[in-house]
Amino acid sequence: MLKLQTKPNGLYNRLAIASLLLFSVVGLSACQSTAAKAPVVLTEQPLTPEPLTIPYRTEIAIARISELLQSAELKEDQRARLFYDRGVMYDSAGLPTLARLDFMRALRLQPDMADAYNIIGIHHSLAGDFEQAYEAFDSALELQPDYEYAYLNRAIALQYDGKTALAIADFQQFQQLKADDPYRSLWLYLAELDISAPEAQTRLATQYPLLDQQSWARHIVAFYLGKISEAQLLQLASTDVSDNTKLAEQLCEVYFYLAKWHSRQQNPTLALEYYKKTLATNVYEFVEYRYARVEMQLLRQQYGLGQQDADHATETAEPHAH
């Protein structure tokens, strides 16, 4: 009996010891793995724009205006103003076709609405229909000669249409109406570069001390004058910002003007990336957002890259995007 019990007892002891050793090794490895694992930390990149969402107030306003337009008691001028207001709401929500339809309805009811002519001119400019754009801007200025933004928008259309001298005249008119506005100086400068870069640089340097000290866009002018670096400009655009809306707006602007700068520096790839970042902000009503896609198309044409090539390049570079 003792001999029969000796073998199984010895085997049992050896198995027990092996199990204890294996458990110890596994346990030690688990402890080491746990100890080595660093805590997960979420870090946000402030220079990556978070696309703005459509404010619920805008959606509610569109719904309420739509209800009011069903009323038969409205006068024609009241109905025209409601169509215009709803068009502005559609435009700010990134719905340009619906916006344009409402602006046209407003003009049919009230043909002397300068605001509607101005914004329809912008839509024609974006579509490359420059003659119709000029007619719209001219109509706005005939109705309201002091309509300063019609000068800006007509100047932009003239610039994209290759009529640089006429564009500069309108940019000058717009800039003189508020000489301390950095954006007005920037647009004039960008047009003057096509005539004489040294003279444009000299004029911008002369205007710089006169610009509004409280406007953050003054830093963009400083960058163009070589007073600060690109990295410093990006840091200024993304620090001390009170909310995501303000951040998106500043990034929309800074990315657009950096794209314009890199395009002139023969850095088309980086320029294109900055234009894409401009669009990623979803700040639909900003002039920089509106014309970023136009600039992208011009850049692709300049370097012989059609839209099909661009789509193919995107698919090749991002095979896992879907």
# chains A, B, ... in the order shown; residues from 1 in each chain; ligands from 1
call {"tool": "select_by_dssp", "arguments": {"residues": "region 46-147 of chain A", "states": "helix (DSSP H, G or I)", "output": "number ranges by chain"}}
result
A: 56-68, 76-92, 96-109, 114-127, 130-143
call {"tool": "closest_atom_pairs", "arguments": {"of": "region 231-316 of chain A", "to": "region 181-200 of chain A", "cutoff": "12 Å", "atoms": "only C-alpha atoms", "output": "Markdown table"}}
result
| residue | atom | partner | partner_atom | distance |
| --- | --- | --- | --- | --- |
| A:Glu253 | CA | A:Tyr183 | CA | 9.7 |
| A:Val254 | CA | A:Tyr183 | CA | 11.2 |
| A:Phe256 | CA | A:Leu186 | CA | 11.7 |
| A:Tyr257 | CA | A:Leu186 | CA | 8.9 |
| A:Leu258 | CA | A:Leu186 | CA | 11.9 |
| A:Lys260 | CA | A:Leu190 | CA | 8.6 |
| A:Trp261 | CA | A:Leu190 | CA | 9.3 |
| A:Ser263 | CA | A:Leu190 | CA | 11.8 |
| A:Arg264 | CA | A:Leu193 | CA | 9.7 |
| A:Phe286 | CA | A:Tyr183 | CA | 11.8 |
| A:Val287 | CA | A:Tyr183 | CA | 10.5 |
| A:Glu288 | CA | A:Tyr183 | CA | 10.5 |
call {"tool": "residues_around", "arguments": {"residues": "Thr269 (chain A)", "least_positions_apart": "3", "cutoff": "12 Å", "atoms": "only C-alpha atoms", "output": "list of chain:residue names"}}
result
A:Ala259, A:Lys260, A:His262, A:Ser263, A:Arg264, A:Gln265, A:Gln266, A:Leu272, A:Glu273, A:Tyr274, A:Tyr275, A:Lys276, A:Met296, A:Leu299, A:Arg300, A:Tyr303, A:Leu305, A:Ala310
call {"tool": "closest_residue", "arguments": {"among": "A:Leu177, A:Leu279, A:Val88, A:Ala150", "to": "Arg293 (chain A)", "atoms": "only C-alpha atoms"}}
result
A:Leu279
call {"tool": "residues_around", "arguments": {"residues": "region 128-130 of chain A", "least_positions_apart": "2", "cutoff": "12 Å", "atoms": "only C-alpha atoms", "output": "list in words"}}
result
Ile120, Gly121, Ile122, His123, His124, Ser125, Leu126, Gln132, Ala133, Tyr134, Glu135, Ala136, Phe137, Asp138, Asn153, Arg154, Ala155, Ile156, Ala157, Leu158, Gln159, Tyr160, Asp161, Gly162, Lys163, Tyr291, Val294, Gln297 and Leu298 of chain A
